[in-house]
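S.K.: Handing over start.txt, compact mmCIF, N, CA, C and O atoms.
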```txt
# COMPACT_ATOMS: atom_id res chain seq x y z
N MET T 1 -19.91 8.48 4.48
CA MET T 1 -18.71 8.54 3.67
C MET T 1 -17.60 9.21 4.49
O MET T 1 -17.80 10.22 5.13
N ALA T 2 -16.42 8.60 4.42
CA ALA T 2 -15.30 9.11 5.20
C ALA T 2 -14.72 10.37 4.54
O ALA T 2 -14.78 10.55 3.33
N SER T 3 -14.18 11.23 5.37
CA SER T 3 -13.54 12.43 4.83
C SER T 3 -12.20 12.05 4.22
O SER T 3 -11.67 10.96 4.43
N ASN T 4 -11.65 12.96 3.47
CA ASN T 4 -10.33 12.73 2.87
C ASN T 4 -9.25 12.60 3.94
O ASN T 4 -8.30 11.84 3.76
N VAL T 5 -9.39 13.34 5.02
CA VAL T 5 -8.41 13.24 6.11
C VAL T 5 -8.45 11.84 6.71
O VAL T 5 -7.40 11.22 6.93
N GLU T 6 -9.65 11.32 6.96
CA GLU T 6 -9.77 9.98 7.53
C GLU T 6 -9.23 8.92 6.58
O GLU T 6 -8.53 7.99 6.99
N ALA T 7 -9.55 9.05 5.30
CA ALA T 7 -9.08 8.09 4.30
C ALA T 7 -7.55 8.15 4.16
O ALA T 7 -6.89 7.11 4.04
N THR T 8 -7.01 9.35 4.19
CA THR T 8 -5.56 9.51 4.08
C THR T 8 -4.86 8.93 5.30
O THR T 8 -3.84 8.24 5.18
N GLN T 9 -5.41 9.18 6.49
CA GLN T 9 -4.84 8.63 7.71
C GLN T 9 -4.90 7.11 7.68
O GLN T 9 -3.94 6.44 8.08
N ALA T 10 -5.99 6.55 7.19
CA ALA T 10 -6.12 5.09 7.10
C ALA T 10 -5.06 4.51 6.15
O ALA T 10 -4.47 3.47 6.43
N GLU T 11 -4.81 5.20 5.04
CA GLU T 11 -3.80 4.71 4.11
C GLU T 11 -2.39 4.81 4.71
O GLU T 11 -1.58 3.91 4.55
N ILE T 12 -2.12 5.90 5.41
CA ILE T 12 -0.81 6.05 6.06
C ILE T 12 -0.62 4.95 7.10
O ILE T 12 0.46 4.35 7.19
N ASP T 13 -1.67 4.64 7.85
CA ASP T 13 -1.59 3.57 8.84
C ASP T 13 -1.39 2.21 8.16
O ASP T 13 -0.60 1.39 8.62
N HIS T 14 -2.10 1.99 7.07
CA HIS T 14 -1.99 0.72 6.34
C HIS T 14 -0.58 0.54 5.77
O HIS T 14 -0.03 -0.57 5.78
N LEU T 15 0.00 1.61 5.26
CA LEU T 15 1.33 1.55 4.68
C LEU T 15 2.43 1.47 5.74
O LEU T 15 3.57 1.16 5.43
N ARG T 16 2.09 1.80 6.99
CA ARG T 16 3.05 1.83 8.10
C ARG T 16 4.22 2.75 7.77
O ARG T 16 5.39 2.39 7.94
N ILE T 17 3.92 3.94 7.30
CA ILE T 17 4.95 4.85 6.82
C ILE T 17 5.04 6.11 7.69
O ILE T 17 5.96 6.90 7.55
N GLY T 18 4.10 6.32 8.60
CA GLY T 18 4.04 7.55 9.38
C GLY T 18 5.29 7.85 10.18
O GLY T 18 5.70 9.00 10.31
N GLU T 19 5.93 6.80 10.72
CA GLU T 19 7.12 7.02 11.56
C GLU T 19 8.39 7.24 10.73
O GLU T 19 9.27 7.97 11.14
N SER T 20 8.46 6.62 9.57
CA SER T 20 9.69 6.75 8.77
C SER T 20 9.68 7.97 7.87
O SER T 20 10.73 8.41 7.43
N ALA T 21 8.50 8.53 7.59
CA ALA T 21 8.40 9.75 6.78
C ALA T 21 7.34 10.66 7.38
O ALA T 21 6.30 10.91 6.77
N PRO T 22 7.60 11.17 8.60
CA PRO T 22 6.57 11.96 9.28
C PRO T 22 6.22 13.26 8.57
O PRO T 22 5.07 13.70 8.60
N GLY T 23 7.18 13.87 7.91
CA GLY T 23 6.91 15.12 7.21
C GLY T 23 5.96 14.93 6.04
O GLY T 23 4.99 15.68 5.88
N LEU T 24 6.22 13.91 5.23
CA LEU T 24 5.33 13.62 4.10
C LEU T 24 3.95 13.19 4.58
O LEU T 24 2.94 13.56 3.98
N ALA T 25 3.92 12.43 5.66
CA ALA T 25 2.63 11.98 6.19
C ALA T 25 1.82 13.19 6.67
O ALA T 25 0.61 13.29 6.41
N GLN T 26 2.46 14.11 7.37
CA GLN T 26 1.76 15.30 7.84
C GLN T 26 1.32 16.18 6.68
O GLN T 26 0.23 16.75 6.69
N LEU T 27 2.17 16.29 5.66
CA LEU T 27 1.80 17.07 4.48
C LEU T 27 0.58 16.46 3.80
O LEU T 27 -0.33 17.17 3.37
N ALA T 28 0.54 15.14 3.72
CA ALA T 28 -0.61 14.47 3.11
C ALA T 28 -1.89 14.77 3.89
O ALA T 28 -2.94 15.06 3.30
N LEU T 29 -1.80 14.76 5.22
CA LEU T 29 -2.98 15.05 6.03
C LEU T 29 -3.41 16.51 5.88
O LEU T 29 -4.61 16.80 5.83
N SER T 30 -2.45 17.42 5.79
CA SER T 30 -2.78 18.84 5.59
C SER T 30 -3.45 19.06 4.24
O SER T 30 -4.43 19.82 4.13
N LEU T 31 -2.94 18.41 3.21
CA LEU T 31 -3.55 18.53 1.88
C LEU T 31 -4.94 17.91 1.85
O LEU T 31 -5.85 18.45 1.22
N ALA T 32 -5.10 16.79 2.55
CA ALA T 32 -6.43 16.17 2.62
C ALA T 32 -7.43 17.09 3.31
O ALA T 32 -8.58 17.19 2.90
N ALA T 33 -6.98 17.80 4.34
CA ALA T 33 -7.85 18.76 5.02
C ALA T 33 -8.22 19.90 4.08
O ALA T 33 -9.36 20.38 4.09
N ALA T 34 -7.28 20.33 3.24
CA ALA T 34 -7.57 21.39 2.27
C ALA T 34 -8.57 20.91 1.23
O ALA T 34 -9.43 21.69 0.79
N VAL T 35 -8.50 19.64 0.86
CA VAL T 35 -9.46 19.10 -0.10
C VAL T 35 -10.84 19.02 0.54
O VAL T 35 -11.85 19.26 -0.12
N ASP T 36 -10.90 18.70 1.82
CA ASP T 36 -12.18 18.61 2.53
C ASP T 36 -12.83 19.97 2.77
O ASP T 36 -14.04 20.06 2.94
N ASN T 37 -12.03 21.03 2.77
CA ASN T 37 -12.54 22.38 3.05
C ASN T 37 -13.39 22.87 1.87
O ASN T 37 -12.90 23.03 0.76
N PRO T 38 -14.67 23.15 2.12
CA PRO T 38 -15.55 23.59 1.02
C PRO T 38 -15.35 25.07 0.71
O PRO T 38 -16.21 25.90 0.94
N GLY T 39 -14.22 25.38 0.17
CA GLY T 39 -13.92 26.77 -0.15
C GLY T 39 -13.74 26.95 -1.63
O GLY T 39 -14.57 26.56 -2.44
N ASN T 40 -12.62 27.49 -1.99
CA ASN T 40 -12.27 27.76 -3.37
C ASN T 40 -12.08 26.45 -4.13
O ASN T 40 -11.26 25.62 -3.76
N VAL T 41 -12.81 26.26 -5.22
CA VAL T 41 -12.74 25.03 -6.00
C VAL T 41 -11.36 24.86 -6.63
O VAL T 41 -10.84 23.74 -6.69
N THR T 42 -10.76 25.94 -7.05
CA THR T 42 -9.43 25.86 -7.65
C THR T 42 -8.41 25.40 -6.61
O THR T 42 -7.55 24.57 -6.90
N ALA T 43 -8.52 25.92 -5.40
CA ALA T 43 -7.61 25.51 -4.32
C ALA T 43 -7.81 24.03 -3.99
O ALA T 43 -6.82 23.31 -3.75
N GLN T 44 -9.06 23.57 -3.99
CA GLN T 44 -9.33 22.16 -3.73
C GLN T 44 -8.71 21.28 -4.81
O GLN T 44 -8.12 20.25 -4.52
N SER T 45 -8.84 21.71 -6.04
CA SER T 45 -8.28 20.95 -7.16
C SER T 45 -6.76 20.88 -7.07
O SER T 45 -6.17 19.81 -7.27
N ASN T 46 -6.14 21.98 -6.76
CA ASN T 46 -4.67 22.01 -6.61
C ASN T 46 -4.23 21.12 -5.45
O ASN T 46 -3.24 20.39 -5.56
N ALA T 47 -4.95 21.19 -4.33
CA ALA T 47 -4.61 20.38 -3.17
C ALA T 47 -4.79 18.89 -3.48
O ALA T 47 -3.98 18.06 -3.06
N ALA T 48 -5.84 18.56 -4.23
CA ALA T 48 -6.07 17.16 -4.59
C ALA T 48 -4.95 16.63 -5.47
O ALA T 48 -4.49 15.49 -5.29
N ARG T 49 -4.49 17.42 -6.41
CA ARG T 49 -3.40 17.01 -7.29
C ARG T 49 -2.12 16.79 -6.48
O ARG T 49 -1.42 15.79 -6.64
N GLU T 50 -1.83 17.72 -5.58
CA GLU T 50 -0.63 17.59 -4.74
C GLU T 50 -0.76 16.40 -3.78
O GLU T 50 0.22 15.70 -3.52
N LEU T 51 -1.96 16.19 -3.26
CA LEU T 51 -2.18 15.05 -2.36
C LEU T 51 -1.91 13.74 -3.09
O LEU T 51 -1.27 12.84 -2.55
N ARG T 52 -2.37 13.64 -4.31
CA ARG T 52 -2.13 12.44 -5.10
C ARG T 52 -0.61 12.20 -5.27
O ARG T 52 -0.12 11.09 -5.12
N THR T 53 0.12 13.26 -5.53
CA THR T 53 1.57 13.16 -5.70
C THR T 53 2.26 12.73 -4.41
O THR T 53 3.15 11.87 -4.41
N VAL T 54 1.85 13.31 -3.29
CA VAL T 54 2.45 12.97 -2.00
C VAL T 54 2.12 11.52 -1.62
O VAL T 54 2.99 10.78 -1.12
N LEU T 55 0.89 11.07 -1.88
CA LEU T 55 0.53 9.69 -1.58
C LEU T 55 1.33 8.71 -2.43
O LEU T 55 1.72 7.64 -1.94
N GLU T 56 1.59 9.05 -3.67
CA GLU T 56 2.42 8.20 -4.51
C GLU T 56 3.84 8.09 -3.93
O GLU T 56 4.43 7.01 -3.91
N ALA T 57 4.37 9.21 -3.45
CA ALA T 57 5.70 9.19 -2.84
C ALA T 57 5.70 8.34 -1.57
O ALA T 57 6.65 7.58 -1.32
N LEU T 58 4.64 8.44 -0.77
CA LEU T 58 4.55 7.63 0.44
C LEU T 58 4.47 6.14 0.11
O LEU T 58 5.08 5.31 0.79
N ARG T 59 3.72 5.80 -0.93
CA ARG T 59 3.61 4.39 -1.32
C ARG T 59 4.96 3.83 -1.75
O ARG T 59 5.27 2.68 -1.49
N LYS T 60 5.77 4.65 -2.41
CA LYS T 60 7.10 4.20 -2.83
C LYS T 60 8.02 3.98 -1.64
O LYS T 60 8.92 3.15 -1.69
N LEU T 61 7.82 4.75 -0.58
CA LEU T 61 8.66 4.63 0.61
C LEU T 61 8.21 3.53 1.56
O LEU T 61 8.95 3.17 2.48
N ALA T 62 7.02 3.01 1.35
CA ALA T 62 6.46 2.01 2.27
C ALA T 62 7.28 0.73 2.23
O ALA T 62 7.77 0.33 1.17
N PRO T 63 7.43 0.08 3.39
CA PRO T 63 8.15 -1.19 3.40
C PRO T 63 7.37 -2.26 2.65
O PRO T 63 6.15 -2.16 2.51
N LEU T 64 8.09 -3.26 2.16
CA LEU T 64 7.43 -4.34 1.44
C LEU T 64 6.49 -5.08 2.38
O LEU T 64 6.78 -5.25 3.56
N ALA T 65 5.38 -5.52 1.83
CA ALA T 65 4.39 -6.24 2.62
C ALA T 65 4.96 -7.59 3.06
O ALA T 65 5.65 -8.26 2.30
N GLN T 66 4.68 -7.96 4.27
CA GLN T 66 5.13 -9.24 4.80
C GLN T 66 4.18 -10.37 4.42
O GLN T 66 4.49 -11.54 4.61
N GLU T 67 3.02 -10.02 3.91
CA GLU T 67 2.03 -11.01 3.55
C GLU T 67 2.43 -11.68 2.23
O GLU T 67 3.00 -11.05 1.36
N LYS T 68 2.11 -12.94 2.10
CA LYS T 68 2.39 -13.65 0.87
C LYS T 68 1.14 -13.65 0.01
O LYS T 68 0.04 -13.88 0.50
N ASP T 69 1.34 -13.42 -1.26
CA ASP T 69 0.21 -13.52 -2.17
C ASP T 69 0.04 -14.97 -2.59
O ASP T 69 0.82 -15.85 -2.22
N ALA T 70 -0.98 -15.26 -3.38
CA ALA T 70 -1.28 -16.64 -3.75
C ALA T 70 -0.16 -17.26 -4.58
O ALA T 70 0.15 -18.45 -4.42
N VAL T 71 0.47 -16.49 -5.45
CA VAL T 71 1.54 -17.03 -6.29
C VAL T 71 2.75 -17.40 -5.43
O VAL T 71 3.35 -18.47 -5.61
N THR T 72 3.12 -16.54 -4.50
CA THR T 72 4.25 -16.84 -3.63
C THR T 72 3.97 -18.04 -2.75
O THR T 72 4.84 -18.90 -2.56
N ALA T 73 2.76 -18.15 -2.23
CA ALA T 73 2.39 -19.29 -1.41
C ALA T 73 2.46 -20.59 -2.21
O ALA T 73 2.96 -21.60 -1.73
N LEU T 74 1.98 -20.57 -3.45
CA LEU T 74 2.04 -21.76 -4.31
C LEU T 74 3.48 -22.13 -4.63
O LEU T 74 3.85 -23.30 -4.61
N SER T 75 4.30 -21.13 -4.91
CA SER T 75 5.71 -21.37 -5.19
C SER T 75 6.41 -22.00 -3.99
O SER T 75 7.20 -22.94 -4.14
N ASP T 76 6.12 -21.50 -2.80
CA ASP T 76 6.71 -22.08 -1.59
C ASP T 76 6.24 -23.51 -1.37
O ASP T 76 7.02 -24.38 -0.96
N GLU T 77 4.96 -23.76 -1.65
CA GLU T 77 4.42 -25.11 -1.49
C GLU T 77 5.09 -26.08 -2.47
O GLU T 77 5.46 -27.19 -2.09
N LEU T 78 5.27 -25.66 -3.71
CA LEU T 78 5.93 -26.51 -4.70
C LEU T 78 7.39 -26.76 -4.33
O LEU T 78 7.90 -27.87 -4.50
N ALA T 79 8.06 -25.74 -3.84
CA ALA T 79 9.46 -25.90 -3.44
C ALA T 79 9.58 -26.90 -2.29
O ALA T 79 10.54 -27.68 -2.23
N ALA T 80 8.61 -26.90 -1.39
CA ALA T 80 8.65 -27.83 -0.26
C ALA T 80 8.42 -29.27 -0.71
O ALA T 80 8.91 -30.21 -0.07
N LYS T 81 7.71 -29.45 -1.82
CA LYS T 81 7.40 -30.80 -2.31
C LYS T 81 8.49 -31.36 -3.22
O LYS T 81 8.48 -32.54 -3.53
N ARG T 82 9.41 -30.55 -3.65
CA ARG T 82 10.44 -31.02 -4.59
C ARG T 82 11.34 -32.05 -3.93
O ARG T 82 11.72 -31.93 -2.76
N ARG T 83 11.71 -33.03 -4.74
CA ARG T 83 12.67 -34.03 -4.27
C ARG T 83 14.04 -33.66 -4.79
O ARG T 83 14.19 -32.70 -5.55
N GLY T 84 15.04 -34.41 -4.46
CA GLY T 84 16.41 -34.14 -4.87
C GLY T 84 16.61 -34.16 -6.38
O GLY T 84 17.49 -33.50 -6.91
N ASP T 85 15.77 -34.91 -7.13
CA ASP T 85 15.94 -34.99 -8.57
C ASP T 85 15.22 -33.87 -9.30
O ASP T 85 15.20 -33.83 -10.53
N GLY T 86 14.61 -32.94 -8.58
CA GLY T 86 13.94 -31.80 -9.20
C GLY T 86 12.51 -32.10 -9.62
O GLY T 86 11.86 -31.23 -10.17
N LEU T 87 12.03 -33.30 -9.37
CA LEU T 87 10.65 -33.63 -9.72
C LEU T 87 9.71 -33.29 -8.58
O LEU T 87 10.10 -33.28 -7.42
N VAL T 88 8.50 -33.04 -8.93
CA VAL T 88 7.48 -32.73 -7.93
C VAL T 88 6.68 -34.00 -7.67
O VAL T 88 6.22 -34.65 -8.61
N ARG T 89 6.54 -34.34 -6.42
CA ARG T 89 5.77 -35.53 -6.07
C ARG T 89 4.29 -35.22 -6.20
O ARG T 89 3.82 -34.17 -5.79
N ALA T 90 3.56 -36.16 -6.78
CA ALA T 90 2.12 -35.99 -6.94
C ALA T 90 1.42 -36.34 -5.63
O ALA T 90 1.85 -37.23 -4.89
N ARG T 91 0.33 -35.65 -5.38
CA ARG T 91 -0.49 -35.96 -4.20
C ARG T 91 -1.54 -36.96 -4.60
O ARG T 91 -2.08 -36.92 -5.70
N ARG T 92 -1.85 -37.84 -3.70
CA ARG T 92 -2.95 -38.77 -3.93
C ARG T 92 -4.24 -38.14 -3.46
O ARG T 92 -4.26 -37.45 -2.45
N ALA T 93 -5.26 -38.38 -4.21
CA ALA T 93 -6.57 -37.81 -3.88
C ALA T 93 -7.21 -38.51 -2.72
O ALA T 93 -6.94 -39.53 -2.31
```
Take the structure in the file and write it out as structure tokens.

M.R.:
Amino acid sequence: MASNVEATQAEIDHLRIGESAPGLAQLALSLAAAVDNPGNVTAQSNAARELRTVLEALRKLAPLAQEKDAVTALSDELAAKRRGDGLVRARRA
């Protein structure tokens, strides 16, 4: 099982947010380390709550994904098939 620091770093990398918000990214990693530290349970709980808040802020700052989901891909495909009269041409099987 991965540590909270590793999981947090993986999420920061996935979001591609580390360079545009380095302070928040570092704070998230510090809080994750505090959650991983087997010390005071109250401190771990507080750090986990704050980590959740910081990760939510990082997600909001993340750039939009360049990947297309299935709905967008279908919409693009239908738009490409449209003729000038607005009708969709049927495909032959």

S.K.: What are the DSSP alpha helix (DSSP H) residues of chain T, as number ranges by chain?

M.R.: T: 4-15, 22-36, 41-61, 70-81

S.K.: Can you tell me, as lines of an AutoDock Vina configuration file, the centre and edge lengths (Å, one decimal) of the axis-aligned box enclosing all of region 56-60 of chain T's listed atoms after padding each side by 3 Å?

M.R.:
```
center_x = 5.3
center_y = 5.9
center_z = -1.9
size_x = 13.3
size_y = 12.5
size_z = 11.3
```

S.K.: Tell me, as a list in words, which residues lie within 7 Å of region 27-37 of chain T, counting only N, CA, C and O atoms; anything in the same chain fewer than 4 positions away does not count.

M.R.: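 Those residues are Ser3, Asn4, Val5, Thr8, Gln9, Ala21, Pro22, Gly23, Val41, Ala43, Gln44, Ser45, Ala47, Ala48, Glu50, Leu51, Val54 and Leu55 of chain T.
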
S.K.: Nearest to Arg52 (chain T): which of T:Ala80, T:Glu19, T:Ala2, T:Leu24 is it, counting only C-alpha atoms?

M.R.: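 That would be T:Leu24, the residue with the smallest distance to Arg52 (chain T).
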
S.K.: Quick one: distance from CA of Leu15 (chain T) to CA of Thr42 (chain T) in Å, one decimal?

M.R.: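 So the answer is 29.3 Å.
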
S.K.: Please compute the atom O of Glu56 (chain T)-atom N of Asp69 (chain T) distance, one decimal, in Å.

M.R.: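 Distance between the two atoms: 20.8 Å.
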
S.K.: Calculate how many Å separate atom O of Ala7 (chain T) from CA of Ala70 (chain T), rounding to one decimal.

M.R.: 25.6 Å

S.K.: Could you rebuild region 3-14 of chain T with all heavy atoms and give it back as a short mmCIF file (atom, residue, chain, number, x, y, z; two decimals), in the coordinates of the input?

M.R.:
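What landed in selection.cif:
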```cif
data_model
loop_
_atom_site.label_atom_id
_atom_site.label_comp_id
_atom_site.auth_asym_id
_atom_site.auth_seq_id
_atom_site.Cartn_x
_atom_site.Cartn_y
_atom_site.Cartn_z
N SER T 3 -14.18 11.23 5.37
CA SER T 3 -13.54 12.43 4.83
C SER T 3 -12.20 12.05 4.22
O SER T 3 -11.67 10.96 4.43
CB SER T 3 -13.35 13.46 5.95
OG SER T 3 -12.34 13.01 6.84
N ASN T 4 -11.65 12.96 3.47
CA ASN T 4 -10.33 12.73 2.87
C ASN T 4 -9.25 12.60 3.94
O ASN T 4 -8.30 11.84 3.76
CB ASN T 4 -9.99 13.84 1.88
CG ASN T 4 -10.81 13.73 0.63
OD1 ASN T 4 -10.74 12.74 -0.08
ND2 ASN T 4 -11.61 14.75 0.35
N VAL T 5 -9.39 13.34 5.02
CA VAL T 5 -8.41 13.24 6.11
C VAL T 5 -8.45 11.84 6.71
O VAL T 5 -7.40 11.22 6.93
CB VAL T 5 -8.68 14.31 7.19
CG1 VAL T 5 -7.78 14.11 8.39
CG2 VAL T 5 -8.50 15.71 6.61
N GLU T 6 -9.65 11.32 6.96
CA GLU T 6 -9.77 9.98 7.53
C GLU T 6 -9.23 8.92 6.58
O GLU T 6 -8.53 7.99 6.99
CB GLU T 6 -11.23 9.68 7.87
CG GLU T 6 -11.78 10.52 8.99
CD GLU T 6 -13.29 10.41 9.13
OE1 GLU T 6 -13.94 9.90 8.19
OE2 GLU T 6 -13.81 10.82 10.17
N ALA T 7 -9.55 9.05 5.30
CA ALA T 7 -9.08 8.09 4.30
C ALA T 7 -7.55 8.15 4.16
O ALA T 7 -6.89 7.11 4.04
CB ALA T 7 -9.75 8.35 2.96
N THR T 8 -7.01 9.35 4.19
CA THR T 8 -5.56 9.51 4.08
C THR T 8 -4.86 8.93 5.30
O THR T 8 -3.84 8.24 5.18
CB THR T 8 -5.19 10.99 3.89
OG1 THR T 8 -5.84 11.48 2.72
CG2 THR T 8 -3.70 11.19 3.77
N GLN T 9 -5.41 9.18 6.49
CA GLN T 9 -4.84 8.63 7.71
C GLN T 9 -4.90 7.11 7.68
O GLN T 9 -3.94 6.44 8.08
CB GLN T 9 -5.58 9.16 8.95
CG GLN T 9 -4.98 8.68 10.26
CD GLN T 9 -3.56 9.19 10.47
OE1 GLN T 9 -3.32 10.38 10.45
NE2 GLN T 9 -2.62 8.27 10.66
N ALA T 10 -5.99 6.55 7.19
CA ALA T 10 -6.12 5.09 7.10
C ALA T 10 -5.06 4.51 6.15
O ALA T 10 -4.47 3.47 6.43
CB ALA T 10 -7.52 4.71 6.63
N GLU T 11 -4.81 5.20 5.04
CA GLU T 11 -3.80 4.71 4.11
C GLU T 11 -2.39 4.81 4.71
O GLU T 11 -1.58 3.91 4.55
CB GLU T 11 -3.86 5.47 2.79
CG GLU T 11 -2.89 4.92 1.78
CD GLU T 11 -3.19 5.31 0.36
OE1 GLU T 11 -4.19 5.99 0.10
OE2 GLU T 11 -2.38 4.94 -0.51
N ILE T 12 -2.12 5.90 5.41
CA ILE T 12 -0.81 6.05 6.06
C ILE T 12 -0.62 4.95 7.10
O ILE T 12 0.46 4.35 7.19
CB ILE T 12 -0.69 7.45 6.71
CG1 ILE T 12 -0.57 8.52 5.61
CG2 ILE T 12 0.50 7.53 7.66
CD1 ILE T 12 -0.71 9.94 6.11
N ASP T 13 -1.67 4.64 7.85
CA ASP T 13 -1.59 3.57 8.84
C ASP T 13 -1.39 2.21 8.16
O ASP T 13 -0.60 1.39 8.62
CB ASP T 13 -2.85 3.53 9.71
CG ASP T 13 -2.98 4.76 10.59
OD1 ASP T 13 -1.96 5.47 10.80
OD2 ASP T 13 -4.10 5.02 11.07
N HIS T 14 -2.10 1.99 7.07
CA HIS T 14 -1.99 0.72 6.34
C HIS T 14 -0.58 0.54 5.77
O HIS T 14 -0.03 -0.57 5.78
CB HIS T 14 -3.02 0.66 5.22
CG HIS T 14 -2.92 -0.56 4.37
ND1 HIS T 14 -3.29 -1.81 4.81
CD2 HIS T 14 -2.46 -0.73 3.11
CE1 HIS T 14 -3.06 -2.69 3.86
NE2 HIS T 14 -2.56 -2.06 2.80
#
```
